Amino acid sequence: MAGFEVELAAALARELGVRAVFVQNDWSTLIPSLERGTFDIALNGLEVTAAREQRIRFSRPYYVFAERLVARQGDVRVLDLASLRSRRVGTLASTLAWDILGEAGAERVPYEGVQEPFIDLQQGRTDAVLIDDIIADRYGKRPGLAVVGDLRTGHYAIGLRRQDEALAGVIDEGLGRLIGKGELHAILARWRIDGPRQEALIAAPTTVPGKTAALPAPHRGMTAHQVWLFFQGAAVTLLMSAVAMALAMLGGLGLATARLPSRVPWRRALGAAATAYVELFRGTPVLLQLYVIYFGLAGVLALNAFAAAVLGLALNYAAYEAEIYRAGIQAVPVGQVEAAQALGMSEAMAFRRVVLPQAFRFSLPGVANDFIALLKDSSLVSVITVVELTKRMTIVAVDSGGWLMPGLLCAGLYFAMSYPLSRLARRIEARLGAAK
């Protein structure tokens, strides 16, 4: 909740003569938690949209915001809503701005935080940001960025469960009294967010946009287009995971080789560096690594979201592959190496022709298991704006008004990608075992 919303909730509780109990909840799961009964009302910058009106009941609005367009200074390509067609525009997913950009034909880039859209805009990864003015005023004032204009207005309102008609009436009456006494305007003025637009709050609840007289029936199905979007998300997940795993396998092999015992000083130093790498990347969360690579190093490593996701996953899983390969190499009997050298092979040739093939066979089950794990860990890359399978599921779930069918379809696609991998690994393992 924003500061003014905390003060509004306290004032509304006093007006109604009740005690307010605040429950912290992630913004992305606000509506499902409301429907589940975790709390009775949702007051947290909840924008009134058509999709949300199909799921929950809204009170009369308590704040009128503007959808503000921000671009880089001097960018003459971004002028108005029409100029956003086919351009990459950042915003928060499942909001009014998200709907507006979809109607305008823009390439929507979804974010979970409110600072990240402006970081990407500064770095040239997107062409513009369309977001609530109250957010743009606080987080969008950065060097090199400029406000293009306000495109449309929207409303924040209190969310309630559809069946809580009586509670909605009480909330509307309380808000009406706060507006009538000027207390709401006083709260907004203290937070310096009052203005001419807020005069619309005085209008009767039934005439204010966002307040429906009759709630529409909830929509729980998915369209054919939304199902197709799932397959697009699955393709992104599979491609990203395959490239990342290929790089991780190569990196892991290099790290494992570097960590082999040696009496040569420079190789011992290289082994120590490889050990430090493995411990660092295994000891820190992959989510943190993705944030650092994409946002933290944006000034020196200008990667797009897909490349940063592949690099982050590859660097992380290379540390795990290194340990798997090292165990596989150490499982090869020393006597076989000695026998190869007795036949005239050099140390490098014996390693390449004798040790590595057997080590690969020993390592295969672990590598296949890690590939399956990477497929699922790829869902984390949504925090750096990659719309893979899981992110697509959350977007469709909000748009369609239900989580069950999108969740089942998402799980089915993950299984369809991972199960053949495990079968293939077992077949290769059996074939290599038979060839011994």
# chains A, B, ... in the order shown; residues from 1 in each chain; ligands from 1
call {"tool": "residues_around", "arguments": {"residues": "stretch 114-127 of chain A", "least_positions_apart": "3", "cutoff": "9 Å", "atoms": "only C-alpha atoms", "output": "ChimeraX atom specification"}}
result
/A:70-72,75,77-78,84,87-92,109-111,131,135-136,139-145,295,298-299,302-305,384
call {"tool": "write_last_selection", "arguments": {"atoms": "N, CA and C atoms", "output": "mmCIF file, in the first residue's frame"}}
result
data_model
loop_
_atom_site.group_PDB
_atom_site.id
_atom_site.type_symbol
_atom_site.label_atom_id
_atom_site.label_comp_id
_atom_site.auth_asym_id
_atom_site.auth_seq_id
_atom_site.Cartn_x
_atom_site.Cartn_y
_atom_site.Cartn_z
ATOM 1 N N VAL A 70 6.298 8.139 -20.918
ATOM 2 C CA VAL A 70 7.660 8.624 -20.694
ATOM 3 C C VAL A 70 8.562 8.034 -21.771
ATOM 4 N N ALA A 71 9.453 8.847 -22.315
ATOM 5 C CA ALA A 71 10.392 8.387 -23.342
ATOM 6 C C ALA A 71 11.751 9.027 -23.087
ATOM 7 N N ARG A 72 12.732 8.651 -23.892
ATOM 8 C CA ARG A 72 14.040 9.291 -23.785
ATOM 9 C C ARG A 72 13.981 10.695 -24.377
ATOM 10 N N ASP A 75 13.626 11.877 -28.316
ATOM 11 C CA ASP A 75 13.157 10.787 -29.170
ATOM 12 C C ASP A 75 11.871 11.232 -29.860
ATOM 13 N N ARG A 77 10.315 9.839 -32.177
ATOM 14 C CA ARG A 77 9.460 8.744 -32.638
ATOM 15 C C ARG A 77 8.284 8.510 -31.704
ATOM 16 N N VAL A 78 8.429 8.890 -30.448
ATOM 17 C CA VAL A 78 7.381 8.661 -29.449
ATOM 18 C C VAL A 78 6.669 9.980 -29.194
ATOM 19 N N LEU A 84 3.080 4.437 -30.780
ATOM 20 C CA LEU A 84 3.622 3.296 -30.034
ATOM 21 C C LEU A 84 3.439 1.974 -30.764
ATOM 22 N N ARG A 87 6.257 -0.682 -31.218
ATOM 23 C CA ARG A 87 7.402 -0.276 -30.400
ATOM 24 C C ARG A 87 7.363 -1.011 -29.052
ATOM 25 N N ARG A 88 8.560 -1.205 -28.469
ATOM 26 C CA ARG A 88 8.671 -1.879 -27.172
ATOM 27 C C ARG A 88 8.368 -0.868 -26.069
ATOM 28 N N VAL A 89 7.288 -1.126 -25.344
ATOM 29 C CA VAL A 89 6.849 -0.197 -24.305
ATOM 30 C C VAL A 89 6.714 -0.966 -22.994
ATOM 31 N N GLY A 90 7.360 -0.479 -21.959
ATOM 32 C CA GLY A 90 7.321 -1.128 -20.660
ATOM 33 C C GLY A 90 6.159 -0.664 -19.822
ATOM 34 N N THR A 91 5.606 -1.575 -19.026
ATOM 35 C CA THR A 91 4.540 -1.243 -18.089
ATOM 36 C C THR A 91 4.363 -2.405 -17.125
ATOM 37 N N LEU A 92 3.415 -2.290 -16.220
ATOM 38 C CA LEU A 92 3.077 -3.374 -15.313
ATOM 39 C C LEU A 92 2.034 -4.259 -15.980
ATOM 40 N N VAL A 109 6.086 -4.903 -22.802
ATOM 41 C CA VAL A 109 7.148 -5.514 -22.006
ATOM 42 C C VAL A 109 6.701 -5.476 -20.545
ATOM 43 N N PRO A 110 6.388 -6.628 -19.948
ATOM 44 C CA PRO A 110 5.836 -6.626 -18.585
ATOM 45 C C PRO A 110 6.915 -6.580 -17.505
ATOM 46 N N TYR A 111 6.650 -5.813 -16.456
ATOM 47 C CA TYR A 111 7.554 -5.706 -15.316
ATOM 48 C C TYR A 111 6.797 -6.034 -14.040
ATOM 49 N N ILE A 131 2.746 4.304 -17.730
ATOM 50 C CA ILE A 131 2.493 3.872 -16.355
ATOM 51 C C ILE A 131 1.740 4.967 -15.623
ATOM 52 N N ILE A 135 3.230 6.854 -10.151
ATOM 53 C CA ILE A 135 4.466 6.055 -10.175
ATOM 54 C C ILE A 135 5.541 6.780 -10.963
ATOM 55 N N ALA A 136 5.158 7.359 -12.099
ATOM 56 C CA ALA A 136 6.128 8.064 -12.939
ATOM 57 C C ALA A 136 6.746 9.247 -12.209
ATOM 58 N N TYR A 139 9.345 7.551 -9.611
ATOM 59 C CA TYR A 139 10.446 6.707 -10.069
ATOM 60 C C TYR A 139 10.960 7.057 -11.461
ATOM 61 N N GLY A 140 10.227 7.881 -12.195
ATOM 62 C CA GLY A 140 10.601 8.146 -13.576
ATOM 63 C C GLY A 140 11.444 9.379 -13.799
ATOM 64 N N LYS A 141 11.728 10.130 -12.757
ATOM 65 C CA LYS A 141 12.538 11.339 -12.922
ATOM 66 C C LYS A 141 14.011 10.966 -12.895
ATOM 67 N N ARG A 142 14.489 10.507 -14.055
ATOM 68 C CA ARG A 142 15.861 10.052 -14.205
ATOM 69 C C ARG A 142 16.531 10.814 -15.337
ATOM 70 N N PRO A 143 17.848 10.940 -15.267
ATOM 71 C CA PRO A 143 18.556 11.654 -16.343
ATOM 72 C C PRO A 143 18.297 11.018 -17.703
ATOM 73 N N GLY A 144 18.036 11.844 -18.682
ATOM 74 C CA GLY A 144 17.829 11.364 -20.037
ATOM 75 C C GLY A 144 16.407 10.991 -20.369
ATOM 76 N N LEU A 145 15.487 11.056 -19.403
ATOM 77 C CA LEU A 145 14.082 10.713 -19.641
ATOM 78 C C LEU A 145 13.218 11.963 -19.568
ATOM 79 N N PHE A 295 20.152 -5.827 -14.604
ATOM 80 C CA PHE A 295 19.965 -4.458 -14.129
ATOM 81 C C PHE A 295 21.248 -3.872 -13.532
ATOM 82 N N ALA A 298 23.909 -3.119 -16.184
ATOM 83 C CA ALA A 298 23.343 -2.538 -17.402
ATOM 84 C C ALA A 298 24.260 -1.490 -18.021
ATOM 85 N N GLY A 299 24.994 -0.759 -17.185
ATOM 86 C CA GLY A 299 25.867 0.295 -17.714
ATOM 87 C C GLY A 299 27.095 -0.216 -18.429
ATOM 88 N N ALA A 302 25.465 -4.275 -21.850
ATOM 89 C CA ALA A 302 24.152 -3.942 -22.418
ATOM 90 C C ALA A 302 23.586 -5.143 -23.174
ATOM 91 N N LEU A 303 22.994 -6.070 -22.442
ATOM 92 C CA LEU A 303 22.384 -7.255 -23.034
ATOM 93 C C LEU A 303 20.877 -7.092 -23.093
ATOM 94 N N ASN A 304 20.250 -7.675 -24.133
ATOM 95 C CA ASN A 304 18.794 -7.706 -24.121
ATOM 96 C C ASN A 304 18.327 -8.757 -23.122
ATOM 97 N N ALA A 305 17.025 -8.803 -22.870
ATOM 98 C CA ALA A 305 16.501 -9.658 -21.800
ATOM 99 C C ALA A 305 16.766 -11.134 -22.080
ATOM 100 N N ILE A 384 13.150 -10.310 -15.424
ATOM 101 C CA ILE A 384 13.889 -9.418 -16.310
ATOM 102 C C ILE A 384 13.169 -9.305 -17.651
#
call {"tool": "residues_around", "arguments": {"residues": "A:Val332", "least_positions_apart": "2", "cutoff": "8 Å", "atoms": "only C-alpha atoms", "output": "list in words"}}
result
Gly328, Ile329, Gln330, Val334, Gln336, Val355, Gln358 and Ala359 of chain A
call {"tool": "closest_residue", "arguments": {"among": "A:Ile134, A:Ala11, A:Val278, A:Ala342", "to": "A:Asp150", "atoms": "only C-alpha atoms"}}
result
A:Ile134
call {"tool": "residues_around", "arguments": {"residues": "A:Asp132", "least_positions_apart": "5", "cutoff": "6 Å", "atoms": "only C-alpha atoms", "output": "PyMOL selection string"}}
result
chain A and resi 66-68
call {"tool": "closest_residue", "arguments": {"among": "A:Leu238, A:Val76, A:Ile56, A:Ala274", "to": "A:Pro32", "atoms": "only C-alpha atoms"}}
result
A:Ile56
call {"tool": "closest_residue", "arguments": {"among": "A:Gly335, A:Gly154, A:Glu112, A:Ala234", "to": "A:Thr29", "atoms": "only C-alpha atoms"}}
result
A:Glu112
call {"tool": "residues_around", "arguments": {"residues": "A:Arg161", "least_positions_apart": "5", "cutoff": "12 Å", "atoms": "only C-alpha atoms", "output": "count of residues only"}}
result
26
call {"tool": "closest_residue", "arguments": {"among": "A:Val18, A:Val129, A:Ala348, A:Leu380", "to": "A:Val170", "atoms": "only C-alpha atoms"}}
result
A:Val18
call {"tool": "select_by_dssp", "arguments": {"residues": "stretch 180-356 of chain A", "states": "alpha helix (DSSP H)", "output": "JSON, numbers by chain"}}
result
{"A": [180, 183, 184, 185, 186, 187, 188, 189, 190, 224, 225, 226, 227, 228, 229, 230, 231, 232, 233, 234, 235, 236, 237, 238, 239, 240, 241, 242, 243, 244, 245, 246, 247, 248, 249, 250, 251, 252, 253, 254, 255, 256, 257, 258, 265, 266, 267, 268, 269, 270, 271, 272, 273, 274, 275, 276, 277, 278, 279, 280, 281, 282, 283, 286, 287, 288, 289, 290, 291, 305, 306, 307, 308, 309, 310, 311, 312, 313, 314, 315, 316, 317, 318, 319, 320, 321, 322, 323, 324, 325, 326, 327, 328, 329, 330, 334, 335, 336, 337, 338, 339, 340, 341, 342, 347, 348, 349, 350, 356]}
call {"tool": "residues_around", "arguments": {"residues": "stretch 411-421 of chain A", "least_positions_apart": "6", "cutoff": "10 Å", "atoms": "only C-alpha atoms", "output": "list in words"}}
result
Phe230, Phe231, Gly233, Ala234, Ala235, Thr237, Leu238, Ala368, Asn369, Phe371, Ile372, Ala373, Leu374, Leu375, Lys376, Leu389, Thr390, Met393, Met405 and Arg427 of chain A
call {"tool": "write_last_selection", "arguments": {"atoms": "C-alpha atoms", "output": "mmCIF file, in the first residue's frame"}}
result
data_model
loop_
_atom_site.group_PDB
_atom_site.id
_atom_site.type_symbol
_atom_site.label_atom_id
_atom_site.label_comp_id
_atom_site.auth_asym_id
_atom_site.auth_seq_id
_atom_site.Cartn_x
_atom_site.Cartn_y
_atom_site.Cartn_z
ATOM 1 C CA PHE A 230 1.047 -20.755 -24.208
ATOM 2 C CA PHE A 231 2.806 -22.655 -26.980
ATOM 3 C CA GLY A 233 5.843 -19.266 -24.227
ATOM 4 C CA ALA A 234 6.821 -22.947 -24.210
ATOM 5 C CA ALA A 235 8.962 -22.398 -27.327
ATOM 6 C CA THR A 237 11.331 -21.637 -22.525
ATOM 7 C CA LEU A 238 12.679 -24.591 -24.493
ATOM 8 C CA ALA A 368 19.759 -34.782 -17.646
ATOM 9 C CA ASN A 369 18.347 -34.056 -14.190
ATOM 10 C CA PHE A 371 18.453 -29.899 -17.702
ATOM 11 C CA ILE A 372 14.991 -30.689 -16.374
ATOM 12 C CA ALA A 373 15.660 -28.469 -13.340
ATOM 13 C CA LEU A 374 16.834 -25.665 -15.624
ATOM 14 C CA LEU A 375 13.600 -25.894 -17.611
ATOM 15 C CA LYS A 376 11.684 -25.145 -14.435
ATOM 16 C CA LEU A 389 5.809 -20.150 -20.186
ATOM 17 C CA THR A 390 5.117 -19.349 -16.529
ATOM 18 C CA MET A 393 0.397 -18.383 -17.670
ATOM 19 C CA MET A 405 -7.076 -24.117 -16.566
ATOM 20 C CA ARG A 427 18.124 -44.579 -23.465
#
call {"tool": "closest_residue", "arguments": {"among": "A:Tyr63, A:Trp228, A:Phe281, A:Tyr325", "to": "A:Leu188", "atoms": "only C-alpha atoms"}}
result
A:Tyr63
call {"tool": "atom_distance", "arguments": {"atom1": "atom CA of A:Thr275", "atom2": "atom CA of A:Pro365"}}
result
22.9 Å
call {"tool": "atom_distance", "arguments": {"atom1": "atom CA of A:Arg263", "atom2": "atom CA of A:Ala276"}}
result
18.8 Å
call {"tool": "residues_around", "arguments": {"residues": "A:Met222", "least_positions_apart": "2", "cutoff": "12 Å", "atoms": "only C-alpha atoms", "output": "list in words"}}
result
His219, Arg220, Ala224, His225, Gln226, Val227, Trp228, Leu229, Phe230, Met393, Ile395, Val396, Ala397, Val398, Asp399, Ser400, Gly401, Gly402, Trp403, Leu404, Met405, Pro406, Gly407 and Leu409 of chain A
call {"tool": "residues_around", "arguments": {"residues": "A:Ile293", "least_positions_apart": "2", "cutoff": "9 Å", "atoms": "only C-alpha atoms", "output": "PyMOL selection string"}}
result
chain A and resi 288-291+295-298+301+303+308-309+311-312
call {"tool": "select_by_dssp", "arguments": {"residues": "stretch 52-236 of chain A", "states": "strand (DSSP E or B)", "output": "count of residues only"}}
result
41
call {"tool": "closest_residue", "arguments": {"among": "A:Phe306, A:Phe351, A:Phe65, A:Tyr317", "to": "A:Ile193", "atoms": "only C-alpha atoms"}}
result
A:Phe65
call {"tool": "atom_distance", "arguments": {"atom1": "atom CA of A:Ala272", "atom2": "atom CA of A:Ala307"}}
result
28.4 Å
